[in-house]
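A short worksheet on the structure shown next.
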Amino acid sequence: MSDTAGVGPEVEEQQVLASQRGDLDSFNKLVERHQRQVYNLALRMLGTAQAAEDATQEAFFSAFRAIRGFRGGNFRAWLLRITANACYDQLRLARRRPTTSLDGLMADPATAELAALESPGESPEDRLQRLELAQVITSCLVRLPAEQRLVVILCDVQGISYEEAAQAAGCSLGTIKSRLSRGRARLRDLLRQHGELLPTKFVLNTGKE
Amino acid sequence: MFQSRHCRKVHRKLSEYIDGYLAAEEKHRVEHHLESCPNCRAELESLRGTVELLRAVPSMVPPRSFALAQAPVTLRIQEGPTPRLFRPAILSAATTVLALLLALIMAGDLLHTFEPGPSALPSPTPTPTVRQDMSSASLGTEVPPQADAGAEKVAGPPAAEATPSPQPAGGAPSAGAVRWIEVSLTLVVLIMAALTVFASLKVGRVGPGRG
C-alpha cells in the first residue's frame, strides 16, 4: 500500500540514515512514501477522517523524534508500530474526554469523501459501493478490541505478512495468529448482524444460514 | 450447534489455513476433517468471505500531505519534553552531574563560612602568633573550634579576650546574609537538578518500545 514503487530498499536505507542525522528533506521523502498506508491504518483503527489525520500527523512527529533510535530492519513495520501507538493514544484520549466519547468517534465511520477514493476507470456506482463497504466494515472494525482490530487491519485490509504484523504490533507470531483468528470470527459475526447494510455487490458469504 | 472438540480445534486453525500458514502435515489434517464435516466447511467459507470483504476495503488518499515543515518541528521540539534528536537523556545526565557538583561545592563553601579560620582574620600578625592565641583560647574555654561563633555570643569576656580582634562579631550579619543566599541558591540548583532528572525519566514514551 505504501508508494514504494521505483524506490529500492537501499534508497530508503539512505533516507533513513540521512533522517537520523536530522535531514528533514530525507525524512519527508519517507513521509511521502508511507503516509497513505499510515493514514489508512489510522482511519480504519479510529473510524473518522479527523481522528485519523491527527493520529497520522502525531505518528510522523513521533517518528521524526524517535528515528535516531531506529536500529535498522523493517522501517515500515517500525513506522506502523508508532502509528499504532498514536492510534491507541487517540482512543485513550477519546475515552477520557466526555465531549468526544468513543461512541461519538465511532458513530461516524469512514467519513472520507468520495474524492479520497482514487480509482481511475471505476464507474461512479462501483466507487460508491466500495465506499459503502468501507463504511460498514469500519463500523464493525471499531467494535473489535483494539489489539484484534490492529491485526485484522494490518493483515487483511493492508495485506501485510504475519511476520511484519508481529513487528508492527510488537508481539509474537503466535499472538498475531490468535488475534487474527479471533478478530476475523468476531468480525464475521458482526457482519452477519449488519449484513443488510452491505452493498449488493459485496454480500458476505456466510457459508450457512 | 454441537461442535466436537476436534471441530473447535480445526476452527482455531482455519484462519492460518486460509492464509497458507499451516505446515503441510497440519494442512492435510485440516483438509481431511473438512471433507467429512459440513459445519467446519461452512465456518471456513464464512471466514473466507469475511477476509474477501476486508481485502476489498479501498485505500483512501490522504486529505493532505503529512510532510513536516521546519517551523512545526521546531515548535514541537520546544513544546515537547523530550527532543530526542538532541539526546536529552545524556544532556540531562550531564546537567544533573554538574548541578550536583555545584551543590557540593556550595555546600562546602557554606560550611567554611561558619569557621572563623585564619583567612577570615584581617590582622597582619604572623601565623604562629594567631595559632598560639587560638590554642590558648580553646584551652581556656574548652569550646570546640566549630562552636566558636556561638560561643562568642554566649561566653562573652573570655571569648573576647581570646579573639585577637573584634572583626568576627562585626562580620556576623553579613555572613548570615551570605549564608542565606547560598542556601537559597543551593536549593534552586537542587530543584533544577530534580526537574532535569524528572524530565529525563519521561523520555522514551514515544517510539516503538511500547508493547
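Chain labels follow the order of the C-alpha cells: the first chain is A, the next B, and so on; residue numbering restarts at 1 in every chain, and ligands are counted from 1 in their shown order.
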(message) Excluding range 86-97 of chain A and its own-chain neighbours fewer than 6 positions away, which residues fall within 7 Å of it when counting only C-alpha atoms? Please give them as a VMD selection string.
(response) chain A and resid 42 45 to 46 55 58 to 59
Writing out the chosen residues with C-alpha atoms as a PDB file, in the first residue's frame:
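Dumped everything to out_37.pdb:
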ATOM      1  CA  ALA A  42      -5.281   5.234  11.440  1.00  0.00           C
ATOM      2  CA  MET A  45      -8.387   1.998  13.593  1.00  0.00           C
ATOM      3  CA  LEU A  46     -10.179   5.186  14.644  1.00  0.00           C
ATOM      4  CA  ALA A  55      -3.013  10.368  14.600  1.00  0.00           C
ATOM      5  CA  GLU A  58       1.336  12.718  15.515  1.00  0.00           C
ATOM      6  CA  ALA A  59       2.835   9.462  14.255  1.00  0.00           C
TER       7      ALA A  59
END
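Near range 7-22 of chain B, within 8 Å and counting only C-alpha atoms, sit Lys177, Ser178, Leu180, Ser181 and Arg184 of chain A; Gln3, Ser4, Glu26, Lys27, Val30, His33, Cys40, Glu43, Leu44, Leu47 and Arg48 of chain B, not including residues fewer than 3 positions from it in the same chain.
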Can those selected residues be exported to a file as a compact mmCIF listing (two decimals), in the first residue's frame so that it contains C-alpha atoms?
# COMPACT_ATOMS: atom_id res chain seq x y z
CA LYS A 177 -2.26 -15.77 14.69
CA SER A 178 -4.63 -15.99 17.62
CA LEU A 180 -6.30 -12.62 13.73
CA SER A 181 -8.31 -15.80 14.15
CA ARG A 184 -11.93 -12.49 11.91
CA GLN B 3 -19.27 -28.91 18.00
CA SER B 4 -16.89 -31.67 18.77
CA GLU B 26 -1.37 -29.91 9.76
CA LYS B 27 -2.86 -28.68 6.49
CA VAL B 30 -7.49 -29.89 8.46
CA HIS B 33 -11.53 -33.08 8.55
CA CYS B 40 -16.41 -26.73 9.53
CA GLU B 43 -17.17 -21.96 9.02
CA LEU B 44 -14.30 -21.88 6.54
CA LEU B 47 -14.28 -16.71 7.28
CA ARG B 48 -13.08 -16.65 3.67
(request) Considering only C-alpha atoms, return as a PyMOL selection string whatever protein or nucleic-acid residues lie within 9 Å of range 23-29 of chain A, sequence-local ones (same chain, fewer than 4 positions apart) excluded. (result) (chain A and resi 12+14-19+33-34+64) or (chain B and resi 66-70)
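Near Leu150 in chain A, within a cut-off of 9 Å and counting only C-alpha atoms, sit the residues Leu41, Arg44, Met45, Ala84, Ala165 and Ala169 of chain A, with same-chain residues fewer than 6 positions away left out.
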Just N, CA and C atoms for this one: save the residues we selected as an mmCIF file, in the first residue's frame.
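Below is the file that was written, selection_18.cif:
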data_model
loop_
_atom_site.group_PDB
_atom_site.id
_atom_site.type_symbol
_atom_site.label_atom_id
_atom_site.label_comp_id
_atom_site.auth_asym_id
_atom_site.auth_seq_id
_atom_site.Cartn_x
_atom_site.Cartn_y
_atom_site.Cartn_z
ATOM 1 N N LEU A 41 -4.243 3.110 7.972
ATOM 2 C CA LEU A 41 -4.254 2.321 9.218
ATOM 3 C C LEU A 41 -4.985 3.109 10.307
ATOM 4 N N ARG A 44 -8.836 3.276 9.649
ATOM 5 C CA ARG A 44 -9.598 2.057 9.985
ATOM 6 C C ARG A 44 -9.545 1.776 11.491
ATOM 7 N N MET A 45 -8.476 2.205 12.143
ATOM 8 C CA MET A 45 -8.387 1.998 13.593
ATOM 9 C C MET A 45 -9.352 2.916 14.336
ATOM 10 N N ALA A 84 0.417 2.760 15.328
ATOM 11 C CA ALA A 84 -0.498 2.029 16.220
ATOM 12 C C ALA A 84 -0.504 2.683 17.603
ATOM 13 N N ALA A 165 3.470 -7.943 10.562
ATOM 14 C CA ALA A 165 2.420 -7.528 11.501
ATOM 15 C C ALA A 165 2.888 -7.717 12.941
ATOM 16 N N ALA A 169 2.930 -4.763 15.498
ATOM 17 C CA ALA A 169 2.083 -4.805 16.697
ATOM 18 C C ALA A 169 2.927 -5.017 17.959
#
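Among the candidates A:Leu173, A:Leu128, A:Ala185, A:Leu190, the one nearest to chain B when counting only C-alpha atoms is A:Ala185.
Of note, CA of Gly108 in chain B and CA of Gly176 in chain B are spaced 15.6 Å apart.
One finds CA of Ala107 in chain B at 8.1 Å from CA of Val183 in chain B.
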(message) Between CA of Gly183 in chain A and CA of Val152 in chain A, what distance in Å does the model show, to one decimal?
(response) 6.4 Å
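When only C-alpha atoms are used to compute distances to Tyr39 in chain A, the closest of the residues B:Leu34, B:Ala42, B:Val61, B:Ile105 turns out to be B:Val61.
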(request) Tell me, as a list in words, which residues lie within 12 Å of Ala77 in chain A, counting only C-alpha atoms; anything in the same chain fewer than 4 positions away does not count. (result) Ser2, His34, Gln37, Val38, Ala63, Phe70, Gly72, Gly73, Arg81, Ile82, Thr83, Ala84, Leu154, Ile160, Ser161, Tyr162, Glu163, Glu164, Ala165, Ala166, Gln167, Ala168, Ala169 and Gly170 of chain A; Pro208 of chain B
